[in-house]
Structures are given as structure tokens and as C-alpha cells.
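Source file: protein_26.tsv; contents: TSV, C-alpha atoms.
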chain	number	residue	atom	x	y	z
A	1	MET	CA	-36.82	82.70	24.44
A	2	VAL	CA	-33.93	84.04	22.34
A	3	PRO	CA	-35.12	86.07	19.32
A	4	ASN	CA	-33.98	85.45	15.76
A	5	PHE	CA	-34.13	88.44	13.41
A	6	TRP	CA	-32.55	86.65	10.45
A	7	ASP	CA	-33.95	84.05	8.06
A	8	PRO	CA	-32.45	80.72	9.24
A	9	LYS	CA	-32.83	79.22	5.75
A	10	ALA	CA	-31.05	82.02	3.92
A	11	VAL	CA	-27.59	81.31	2.56
A	12	HIS	CA	-25.18	84.21	2.33
A	13	ASP	CA	-21.66	84.02	0.96
A	14	ARG	CA	-18.85	85.68	2.81
A	15	PRO	CA	-18.22	89.10	1.19
A	16	ALA	CA	-15.11	89.30	-0.93
A	17	ASP	CA	-14.20	92.75	0.42
A	18	ILE	CA	-13.74	92.54	4.21
A	19	PRO	CA	-12.33	95.68	5.90
A	20	GLY	CA	-8.95	95.14	7.52
A	21	LYS	CA	-10.10	97.13	10.55
A	22	ILE	CA	-13.38	98.42	11.92
A	23	GLN	CA	-13.31	101.36	14.34
A	24	PHE	CA	-16.57	101.35	16.26
A	25	LEU	CA	-17.91	104.49	17.93
A	26	ALA	CA	-20.16	104.42	21.00
A	27	THR	CA	-21.23	106.30	24.10
A	28	ASP	CA	-20.77	104.72	27.53
A	29	GLY	CA	-22.96	104.99	30.59
A	30	TYR	CA	-25.84	103.03	29.04
A	31	PRO	CA	-26.06	99.61	30.69
A	32	PRO	CA	-26.47	96.90	29.59
A	33	PHE	CA	-25.26	98.09	26.17
A	34	VAL	CA	-22.08	100.10	26.86
A	35	TYR	CA	-20.90	100.87	30.39
A	36	ARG	CA	-17.94	100.54	32.74
A	37	ASP	CA	-17.72	97.78	35.30
A	38	ALA	CA	-16.46	98.05	38.88
A	39	GLU	CA	-12.87	98.07	37.59
A	40	ASP	CA	-13.64	100.81	35.04
A	41	ARG	CA	-13.42	98.43	32.10
A	42	LEU	CA	-15.72	98.91	29.13
A	43	THR	CA	-18.30	96.16	28.89
A	44	GLY	CA	-21.82	95.57	27.69
A	45	PHE	CA	-23.88	93.89	25.01
A	46	ASN	CA	-22.79	96.29	22.25
A	47	VAL	CA	-19.14	96.01	23.28
A	48	ASP	CA	-19.17	92.22	23.10
A	49	LEU	CA	-21.25	92.24	19.92
A	50	ALA	CA	-18.74	94.52	18.19
A	51	ARG	CA	-15.92	92.24	19.32
A	52	ALA	CA	-17.77	89.16	18.08
A	53	ILE	CA	-18.41	90.79	14.70
A	54	CYS	CA	-14.70	91.40	14.21
A	55	GLN	CA	-13.79	87.90	15.36
A	56	GLU	CA	-16.24	86.44	12.86
A	57	LEU	CA	-14.75	88.58	10.10
A	58	ASP	CA	-11.19	87.90	11.29
A	59	THR	CA	-10.49	91.61	11.20
A	60	SER	CA	-8.99	94.11	13.62
A	61	CYS	CA	-11.46	95.84	15.90
A	62	SER	CA	-11.45	98.82	18.25
A	63	LEU	CA	-14.02	100.88	20.14
A	64	ARG	CA	-13.78	104.63	20.67
A	65	ILE	CA	-15.99	106.32	23.26
A	66	LYS	CA	-17.46	109.72	22.41
A	67	GLU	CA	-20.19	111.94	23.77
A	68	PHE	CA	-23.47	111.05	22.04
A	69	SER	CA	-23.58	114.44	20.31
A	70	GLY	CA	-20.13	113.79	18.90
A	71	LEU	CA	-20.82	110.38	17.38
A	72	LEU	CA	-22.19	111.55	14.03
A	73	PRO	CA	-19.48	114.21	13.43
A	74	ALA	CA	-16.81	111.66	14.33
A	75	LEU	CA	-18.21	109.17	11.83
A	76	GLU	CA	-18.55	111.71	9.04
A	77	GLU	CA	-15.04	113.04	9.66
A	78	GLY	CA	-13.53	109.56	9.47
A	79	GLU	CA	-12.64	109.10	13.14
A	80	GLY	CA	-14.57	105.83	13.08
A	81	ASP	CA	-16.28	103.45	10.69
A	82	ALA	CA	-19.49	102.46	12.48
A	83	ILE	CA	-21.69	103.78	15.29
A	84	ILE	CA	-22.99	101.08	17.62
A	85	SER	CA	-24.90	103.23	20.07
A	86	GLY	CA	-28.64	103.08	19.41
A	87	LEU	CA	-28.71	105.85	16.80
A	88	ALA	CA	-32.32	106.23	15.68
A	89	ARG	CA	-33.17	105.99	11.97
A	90	THR	CA	-34.64	109.46	11.46
A	91	ASP	CA	-35.53	110.56	7.92
A	92	ASP	CA	-32.55	112.91	7.95
A	93	LEU	CA	-30.08	110.22	9.00
A	94	VAL	CA	-31.40	107.70	6.49
A	95	GLU	CA	-30.50	110.24	3.81
A	96	ARG	CA	-27.00	110.74	5.24
A	97	LEU	CA	-26.04	107.27	6.51
A	98	SER	CA	-26.53	103.59	5.81
A	99	PHE	CA	-27.66	101.16	8.49
A	100	SER	CA	-27.05	97.49	9.14
A	101	ASP	CA	-29.77	94.94	9.70
A	102	ASP	CA	-31.39	95.30	13.12
A	103	TYR	CA	-29.49	93.34	15.73
A	104	LEU	CA	-32.11	93.86	18.43
A	105	LYS	CA	-35.82	94.65	18.24
A	106	LEU	CA	-37.63	96.53	21.02
A	107	PRO	CA	-41.07	94.97	21.41
A	108	ALA	CA	-43.96	96.04	23.58
A	109	ARG	CA	-45.10	93.56	26.24
A	110	PHE	CA	-47.83	92.98	28.78
A	111	ILE	CA	-47.02	92.21	32.38
A	112	VAL	CA	-49.53	90.90	34.92
A	113	ARG	CA	-49.45	89.81	38.54
A	114	THR	CA	-47.56	86.58	39.19
A	115	GLY	CA	-49.80	83.56	38.76
A	116	LYS	CA	-52.11	85.24	36.27
A	117	GLU	CA	-49.84	85.14	33.23
A	118	LYS	CA	-51.28	81.93	31.76
A	119	ALA	CA	-54.84	83.23	31.95
A	120	PHE	CA	-54.05	86.55	30.27
A	121	GLY	CA	-54.39	86.35	26.50
A	122	ALA	CA	-56.10	88.08	23.61
A	123	ASP	CA	-59.54	87.18	24.97
A	124	ALA	CA	-58.69	88.70	28.36
A	125	ILE	CA	-57.95	92.17	27.01
A	126	ALA	CA	-61.63	93.07	26.58
A	127	GLY	CA	-62.75	94.72	29.79
A	128	ALA	CA	-59.28	94.57	31.37
A	129	ARG	CA	-57.86	97.56	33.21
A	130	ILE	CA	-54.55	98.30	31.49
A	131	SER	CA	-52.05	100.86	32.73
A	132	VAL	CA	-49.86	102.74	30.26
A	133	GLU	CA	-47.57	105.74	30.32
A	134	ALA	CA	-49.53	108.80	29.18
A	135	GLY	CA	-48.46	110.12	25.79
A	136	SER	CA	-46.44	107.02	24.93
A	137	ARG	CA	-46.64	104.97	21.75
A	138	HIS	CA	-47.92	102.15	23.97
A	139	GLU	CA	-50.93	104.27	24.93
A	140	ALA	CA	-51.54	105.22	21.28
A	141	PHE	CA	-51.34	101.59	20.15
A	142	ALA	CA	-53.61	100.30	22.92
A	143	ALA	CA	-56.19	103.03	22.34
A	144	ARG	CA	-56.35	102.19	18.64
A	145	PHE	CA	-56.37	98.41	18.75
A	146	TRP	CA	-58.07	97.62	22.08
A	147	PRO	CA	-60.97	100.08	22.42
A	148	GLU	CA	-62.83	97.47	24.47
A	149	ALA	CA	-60.22	97.66	27.25
A	150	PHE	CA	-60.26	100.16	30.12
A	151	LEU	CA	-57.11	102.13	29.41
A	152	MET	CA	-55.62	103.90	32.44
A	153	PRO	CA	-52.84	106.41	31.53
A	154	PHE	CA	-50.36	107.51	34.21
A	155	ASP	CA	-48.00	110.48	34.12
A	156	THR	CA	-44.91	108.29	34.48
A	157	VAL	CA	-44.04	104.72	33.60
A	158	GLU	CA	-43.12	104.15	37.25
A	159	ALA	CA	-46.63	105.09	38.33
A	160	ALA	CA	-48.13	102.83	35.68
A	161	ARG	CA	-46.09	99.88	36.96
A	162	THR	CA	-46.90	100.67	40.59
A	163	ALA	CA	-50.60	100.52	39.77
A	164	LEU	CA	-50.11	96.90	38.77
A	165	VAL	CA	-48.06	96.13	41.88
A	166	LYS	CA	-50.88	97.51	44.03
A	167	GLY	CA	-53.53	95.60	42.10
A	168	ASP	CA	-55.25	98.75	40.84
A	169	VAL	CA	-55.05	97.45	37.26
A	170	ASP	CA	-55.11	94.02	35.66
A	171	ALA	CA	-52.12	94.51	33.38
A	172	HIS	CA	-49.48	97.00	32.31
A	173	PHE	CA	-48.46	97.52	28.67
A	174	GLY	CA	-45.02	98.97	28.05
A	175	ASP	CA	-41.49	98.62	26.70
A	176	GLY	CA	-40.33	95.01	26.88
A	177	LEU	CA	-36.63	95.77	27.33
A	178	SER	CA	-37.03	98.08	30.32
A	179	LEU	CA	-39.68	95.81	31.80
A	180	SER	CA	-37.31	92.83	31.67
A	181	PHE	CA	-34.92	94.64	33.99
A	182	TRP	CA	-37.69	96.00	36.20
A	183	LEU	CA	-39.14	92.51	36.70
A	184	ASN	CA	-35.75	91.41	38.01
A	185	SER	CA	-35.39	94.40	40.36
A	186	THR	CA	-36.12	94.87	44.06
A	187	ASP	CA	-38.83	97.41	43.13
A	188	ALA	CA	-40.85	94.68	41.43
A	189	ALA	CA	-40.38	92.32	44.40
A	190	ASP	CA	-41.24	89.31	42.20
A	191	CYS	CA	-44.76	90.70	41.78
A	192	CYS	CA	-45.26	90.22	38.09
A	193	ARG	CA	-44.55	88.25	34.94
A	194	PHE	CA	-44.68	88.77	31.18
A	195	ALA	CA	-47.93	87.61	29.62
A	196	GLY	CA	-48.63	86.87	25.97
A	197	GLY	CA	-46.13	87.38	23.21
A	198	PRO	CA	-44.09	90.36	22.00
A	199	TRP	CA	-45.75	93.11	19.95
A	200	LEU	CA	-43.70	94.37	16.99
A	201	GLU	CA	-46.36	96.12	14.93
A	202	PRO	CA	-45.09	98.34	12.08
A	203	GLY	CA	-45.32	102.02	12.82
A	204	TYR	CA	-45.24	101.46	16.56
A	205	PHE	CA	-42.65	98.93	17.72
A	206	ASP	CA	-40.89	97.71	14.58
A	207	GLU	CA	-37.79	99.93	14.68
A	208	GLY	CA	-34.87	98.20	16.37
A	209	LEU	CA	-31.20	98.78	17.11
A	210	SER	CA	-28.78	98.79	14.20
A	211	ILE	CA	-25.26	99.91	13.34
A	212	ALA	CA	-24.79	103.16	11.38
A	213	MET	CA	-22.11	103.72	8.75
A	214	ARG	CA	-21.21	106.28	6.13
A	215	LYS	CA	-23.41	106.14	3.06
A	216	ASP	CA	-20.55	105.30	0.71
A	217	ASP	CA	-19.09	102.51	2.88
A	218	ALA	CA	-20.89	99.56	1.33
A	219	SER	CA	-18.11	97.08	2.15
A	220	THR	CA	-18.36	97.66	5.90
A	221	ARG	CA	-22.15	97.40	5.82
A	222	GLU	CA	-22.08	94.14	3.85
A	223	ALA	CA	-19.39	92.69	6.12
A	224	ILE	CA	-21.26	93.59	9.31
A	225	ASN	CA	-24.55	92.21	8.00
A	226	TYR	CA	-22.80	88.97	7.07
A	227	ALA	CA	-21.21	88.75	10.52
A	228	LEU	CA	-24.51	89.38	12.31
A	229	ARG	CA	-26.18	86.54	10.41
A	230	ARG	CA	-23.25	84.23	11.16
A	231	LEU	CA	-23.36	85.08	14.88
A	232	GLN	CA	-26.99	84.00	14.93
A	233	GLN	CA	-26.26	80.78	13.05
A	234	THR	CA	-23.30	79.79	15.23
A	235	GLY	CA	-25.02	80.49	18.55
A	236	VAL	CA	-22.78	83.38	19.55
A	237	TYR	CA	-25.67	85.85	19.44
A	238	ARG	CA	-27.71	83.56	21.68
A	239	GLU	CA	-24.92	83.44	24.25
A	240	LEU	CA	-24.58	87.25	24.29
A	241	TYR	CA	-28.33	87.76	24.55
A	242	LEU	CA	-28.66	85.42	27.52
A	243	ARG	CA	-25.65	87.00	29.20
A	244	TYR	CA	-27.02	90.52	29.17
A	245	PHE	CA	-30.77	89.88	29.14
A	246	PRO	CA	-31.35	87.07	31.66
A	247	VAL	CA	-35.08	87.84	31.68
A	248	SER	CA	-35.91	87.62	28.00
A	249	PHE	CA	-38.26	90.31	26.71
A	250	PHE	CA	-39.39	88.13	23.78
As C-alpha cells - that is how I would like this structure written.
Amino acid sequence: MVPNFWDPKAVHDRPADIPGKIQFLATDGYPPFVYRDAEDRLTGFNVDLARAICQELDTSCSLRIKEFSGLLPALEEGEGDAIISGLARTDDLVERLSFSDDYLKLPARFIVRTGKEKAFGADAIAGARISVEAGSRHEAFAARFWPEAFLMPFDTVEAARTALVKGDVDAHFGDGLSLSFWLNSTDAADCCRFAGGPWLEPGYFDEGLSIAMRKDDASTREAINYALRRLQQTGVYRELYLRYFPVSFF
């Protein structure tokens, strides 16, 4: 399943004021978003998304790599126009910056042993042994909304997943994105599958990835939001999603 974060029925006119160039800022070393391939070339979902945005807008595009701590100063000092590097929307940053629409949500998901995914649903949670990472938002959510389940917190997410591999629990509840890569890894050994749908409850899992810009740069924000919607409508976003997330976490 490829997610759609934009209203398919909405009609949006192309903004009249399109920037002639957008200088994106990012940090590398974070696959599958921004990293270097075997030939030391920059690649990743965010890299190709930035390129696709500029192609849709028919504007010049570039990407400058900075240390994560240097991204915000570089944006505020005019070294770039937009940060595409998973910058969280803290209260402080919302006051200082503007953000695009989310281009990727980060849902919570259940995984269960292979062959049991069809039988695991809302009715199966009661009485189920569910592993979670101790102190995580997944533990907090599960404790609040599924008091009838047997919640089993582990010190690390690795230990929580291993408990499912060993059959010590009936399901694991965790971050869908990281689980999608784990399920496809040698560590998982084809043990498990996603079960049920994605959880995107407000206050827990509703904050996604977006692009940050200077507060006064309304034209860049409007142009990027327009381009993101168009990439969804034209199928480009779908192609990028499937390229970098072969095991969908939605």
C-alpha cells in the first residue's frame, strides 16, 4: 500500500510566484533518506524527492550537505532555502520557521509471526502478549488504549523484537518505518509480518516528516506544497515510495 497524505479531490492552482532556485539543506548518513552509495554519490528518498519537487516546479535545484547541528544556522543565515532532513516541529521551531505539508507520516504498527497476520485484529489484542520498547511512546499508547492486553516492556527495541522471534510474545508494537526494514533483514529471517493497519493517533504518531523554511518565505512554502500535491497526483511520489520502501509500512 502506498500512502496518500493529500486530498485527491482538492484542486490547487499553480502558485504565481515560483522561486527561480531552491537550495535544499540536508545531512547525509541517514539511509534511506540521504546517504552516499558505493560510488560516493548522494542518493536517497529525500534527495530524489527534492529533485522531483524542482522538476515539477521547473526551477533550479541544489542540495547542500551540512552537519545536523549546522542546518538551522545555515537556513537562518541564507545559505539555503529549505531543510529536508527530518527536522522535528518543536514549539520553539514552529515559532521561528514555517513547515511544508507532511510528505511522510511515521505510523505505529503491529508485527506478528508469519502465518498469524490474518488472525490478528482488534479482537485479538485482549489477552495478547505484546512486546514494546520500555519508555517509548508505543508503550505509553498501548498502556492507555489496550489495558486488557499483557504488555511486556523490554529495555531495547531489539530485545522486544527478539521476544517475538522466539515466540515469547504474540505481537510486537513499534515504529512502522524501522520495522519495515527489519522485516526485510537477515535478523528477522522471514519470521514475521505486519498485522492490522497503521496507527496515526494524534498526540502519539501523527507528526510526520516535512520541509522547513524561513518564516518569511511564503513563496517557497506555497511552491513546495503545490509540488508535493502534484507529485502525488502524477504518480511520482508513488514511484519514489516504492523505490525506497519496498516493504510498505502502511
Legend entry - For atom CA of A:Cys191 and atom CA of A:Gly121, the interatomic separation in Å (one decimal): 18.6 Å
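Remark: for A:Ser178, the closest of the candidate residues A:Arg161, A:Lys166, A:Arg14, A:Arg113 is A:Arg161 (distances computed over all atoms listed in the file).
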Inset, instruction - List every protein, DNA or RNA residue that has an atom no more than 9 Å from (-37.5, 87.9, 26.6) in the file's coordinate frame, counting all atoms listed in the file, and report them as a VMD selection string. - result: chain A and resid 1 to 3 176 to 177 180 194 198 245 to 250
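For the residues A:Asp81, A:Glu139, A:Asp155, A:Asp170, ranking by smallest atom-to-atom distance to A:Ile111 using all atoms listed in the file places A:Asp170 first.
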Legend entry - Close residues, stretch 210-214 of chain A itself excluded, 7 Å, only C-alpha atoms, min 4 positions apart in chain, as a ChimeraX atom specification: /A:76,81-84,86,97-103,221
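Nearest-residue note for A:Lys105: choosing from A:Ala223, A:Ala149, A:Ala160, A:Leu200, the minimum distance belongs to A:Leu200, counting only C-alpha atoms.
Contact shell of A:Leu231 at 8 Å (all atoms listed in the file; same-chain neighbours under 4 positions omitted): Ala52, Ile53, Glu56, Ala227, Gly235, Val236 and Tyr237 of chain A.
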Inset, instruction - Show which residues sit within 10 Å of A:Pro31, as a PyMOL selection string. Count only C-alpha atoms, and ignore same-chain residues fewer than 2 positions away. - result: chain A and resi 28-29+33-37+43-46+244
Inset, instruction - Mind giving me the straight-line distance from atom CA of A:Ile18 to atom CA of A:Ala218 in Å, one decimal? - result: 10.4 Å
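When all atoms listed in the file are used to compute distances to A:Gly78, the closest of the residues A:Leu93, A:Ala188, A:Ala128, A:Ile22 turns out to be A:Ile22.
Between atom CA of A:Asp175 and atom CA of A:Pro202 the interatomic distance comes to 15.1 Å.
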Inset, instruction - Neighbourhood query: residues within 12 Å of (-52.9, 84.5, 30.5), file coordinates, counting all atoms listed in the file; return as a PyMOL selection string. - result: chain A and resi 110-125+128+170-171+193-197
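For the choices A:Lys66, A:Val165, A:Leu75, A:Asp13, the atom-to-atom distance to A:Asp217 is smallest for A:Leu75 when using all atoms listed in the file.
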Legend entry - Nearest to A:Ile224, chosen from A:Glu201, A:Asp17, A:Asp91, A:Glu207, with all atoms listed in the file counted in the distances: A:Asp17
Is there a way to complete stretch 194-214 of chain A with N, CA, C and O atoms and then write that out as a PDB file, in the coordinates of the input?
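This went into result00.pdb:
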ATOM      1  N   PHE A 194     -44.227  88.492  32.548  1.00  0.00           N
ATOM      2  CA  PHE A 194     -44.680  88.770  31.180  1.00  0.00           C
ATOM      3  C   PHE A 194     -45.874  87.866  30.868  1.00  0.00           C
ATOM      4  O   PHE A 194     -45.948  86.719  31.323  1.00  0.00           O
ATOM      5  N   ALA A 195     -46.774  88.391  30.053  1.00  0.00           N
ATOM      6  CA  ALA A 195     -47.930  87.610  29.620  1.00  0.00           C
ATOM      7  C   ALA A 195     -48.144  87.824  28.133  1.00  0.00           C
ATOM      8  O   ALA A 195     -48.025  88.939  27.622  1.00  0.00           O
ATOM      9  N   GLY A 196     -48.459  86.753  27.414  1.00  0.00           N
ATOM     10  CA  GLY A 196     -48.630  86.870  25.970  1.00  0.00           C
ATOM     11  C   GLY A 196     -47.285  87.047  25.282  1.00  0.00           C
ATOM     12  O   GLY A 196     -46.230  86.996  25.890  1.00  0.00           O
ATOM     13  N   GLY A 197     -47.344  87.256  23.987  1.00  0.00           N
ATOM     14  CA  GLY A 197     -46.130  87.380  23.210  1.00  0.00           C
ATOM     15  C   GLY A 197     -45.706  88.818  22.973  1.00  0.00           C
ATOM     16  O   GLY A 197     -46.388  89.754  23.390  1.00  0.00           O
ATOM     17  N   PRO A 198     -44.576  89.007  22.300  1.00  0.00           N
ATOM     18  CA  PRO A 198     -44.090  90.360  22.000  1.00  0.00           C
ATOM     19  C   PRO A 198     -44.906  91.014  20.889  1.00  0.00           C
ATOM     20  O   PRO A 198     -45.399  90.342  19.985  1.00  0.00           O
ATOM     21  N   TRP A 199     -45.049  92.326  20.977  1.00  0.00           N
ATOM     22  CA  TRP A 199     -45.750  93.110  19.950  1.00  0.00           C
ATOM     23  C   TRP A 199     -44.717  93.925  19.186  1.00  0.00           C
ATOM     24  O   TRP A 199     -43.989  94.719  19.766  1.00  0.00           O
ATOM     25  N   LEU A 200     -44.682  93.704  17.853  1.00  0.00           N
ATOM     26  CA  LEU A 200     -43.700  94.370  16.990  1.00  0.00           C
ATOM     27  C   LEU A 200     -44.405  95.012  15.788  1.00  0.00           C
ATOM     28  O   LEU A 200     -43.884  95.003  14.678  1.00  0.00           O
ATOM     29  N   GLU A 201     -45.569  95.588  16.021  1.00  0.00           N
ATOM     30  CA  GLU A 201     -46.360  96.120  14.930  1.00  0.00           C
ATOM     31  C   GLU A 201     -45.685  97.275  14.205  1.00  0.00           C
ATOM     32  O   GLU A 201     -45.135  98.180  14.851  1.00  0.00           O
ATOM     33  N   PRO A 202     -45.679  97.255  12.865  1.00  0.00           N
ATOM     34  CA  PRO A 202     -45.090  98.340  12.080  1.00  0.00           C
ATOM     35  C   PRO A 202     -45.713  99.686  12.424  1.00  0.00           C
ATOM     36  O   PRO A 202     -46.918  99.794  12.629  1.00  0.00           O
ATOM     37  N   GLY A 203     -44.864 100.683  12.500  1.00  0.00           N
ATOM     38  CA  GLY A 203     -45.320 102.020  12.820  1.00  0.00           C
ATOM     39  C   GLY A 203     -45.361 102.317  14.296  1.00  0.00           C
ATOM     40  O   GLY A 203     -45.505 103.476  14.704  1.00  0.00           O
ATOM     41  N   TYR A 204     -45.215 101.278  15.111  1.00  0.00           N
ATOM     42  CA  TYR A 204     -45.240 101.460  16.560  1.00  0.00           C
ATOM     43  C   TYR A 204     -43.982 100.897  17.223  1.00  0.00           C
ATOM     44  O   TYR A 204     -43.267 101.595  17.927  1.00  0.00           O
ATOM     45  N   PHE A 205     -43.730  99.593  16.992  1.00  0.00           N
ATOM     46  CA  PHE A 205     -42.650  98.930  17.720  1.00  0.00           C
ATOM     47  C   PHE A 205     -41.692  98.156  16.806  1.00  0.00           C
ATOM     48  O   PHE A 205     -40.998  97.253  17.247  1.00  0.00           O
ATOM     49  N   ASP A 206     -41.685  98.499  15.517  1.00  0.00           N
ATOM     50  CA  ASP A 206     -40.890  97.710  14.580  1.00  0.00           C
ATOM     51  C   ASP A 206     -39.454  98.197  14.426  1.00  0.00           C
ATOM     52  O   ASP A 206     -38.614  97.481  13.888  1.00  0.00           O
ATOM     53  N   GLU A 207     -39.142  99.416  14.869  1.00  0.00           N
ATOM     54  CA  GLU A 207     -37.790  99.930  14.680  1.00  0.00           C
ATOM     55  C   GLU A 207     -36.873  99.425  15.786  1.00  0.00           C
ATOM     56  O   GLU A 207     -37.153  99.581  16.975  1.00  0.00           O
ATOM     57  N   GLY A 208     -35.781  98.770  15.393  1.00  0.00           N
ATOM     58  CA  GLY A 208     -34.870  98.200  16.370  1.00  0.00           C
ATOM     59  C   GLY A 208     -33.522  98.896  16.386  1.00  0.00           C
ATOM     60  O   GLY A 208     -33.351  99.985  15.845  1.00  0.00           O
ATOM     61  N   LEU A 209     -32.556  98.250  17.024  1.00  0.00           N
ATOM     62  CA  LEU A 209     -31.200  98.780  17.110  1.00  0.00           C
ATOM     63  C   LEU A 209     -30.373  98.263  15.937  1.00  0.00           C
ATOM     64  O   LEU A 209     -30.414  97.076  15.609  1.00  0.00           O
ATOM     65  N   SER A 210     -29.634  99.163  15.323  1.00  0.00           N
ATOM     66  CA  SER A 210     -28.780  98.790  14.200  1.00  0.00           C
ATOM     67  C   SER A 210     -27.473  99.566  14.285  1.00  0.00           C
ATOM     68  O   SER A 210     -27.292 100.404  15.169  1.00  0.00           O
ATOM     69  N   ILE A 211     -26.574  99.285  13.372  1.00  0.00           N
ATOM     70  CA  ILE A 211     -25.260  99.910  13.340  1.00  0.00           C
ATOM     71  C   ILE A 211     -25.221 100.883  12.169  1.00  0.00           C
ATOM     72  O   ILE A 211     -25.598 100.522  11.047  1.00  0.00           O
ATOM     73  N   ALA A 212     -24.796 102.111  12.412  1.00  0.00           N
ATOM     74  CA  ALA A 212     -24.790 103.160  11.380  1.00  0.00           C
ATOM     75  C   ALA A 212     -23.404 103.321  10.784  1.00  0.00           C
ATOM     76  O   ALA A 212     -22.396 103.287  11.494  1.00  0.00           O
ATOM     77  N   MET A 213     -23.364 103.516   9.466  1.00  0.00           N
ATOM     78  CA  MET A 213     -22.110 103.720   8.750  1.00  0.00           C
ATOM     79  C   MET A 213     -22.251 104.839   7.732  1.00  0.00           C
ATOM     80  O   MET A 213     -23.366 105.277   7.452  1.00  0.00           O
ATOM     81  N   ARG A 214     -21.143 105.273   7.172  1.00  0.00           N
ATOM     82  CA  ARG A 214     -21.210 106.280   6.130  1.00  0.00           C
ATOM     83  C   ARG A 214     -21.906 105.699   4.898  1.00  0.00           C
ATOM     84  O   ARG A 214     -21.808 104.510   4.616  1.00  0.00           O
TER      85      ARG A 214
END
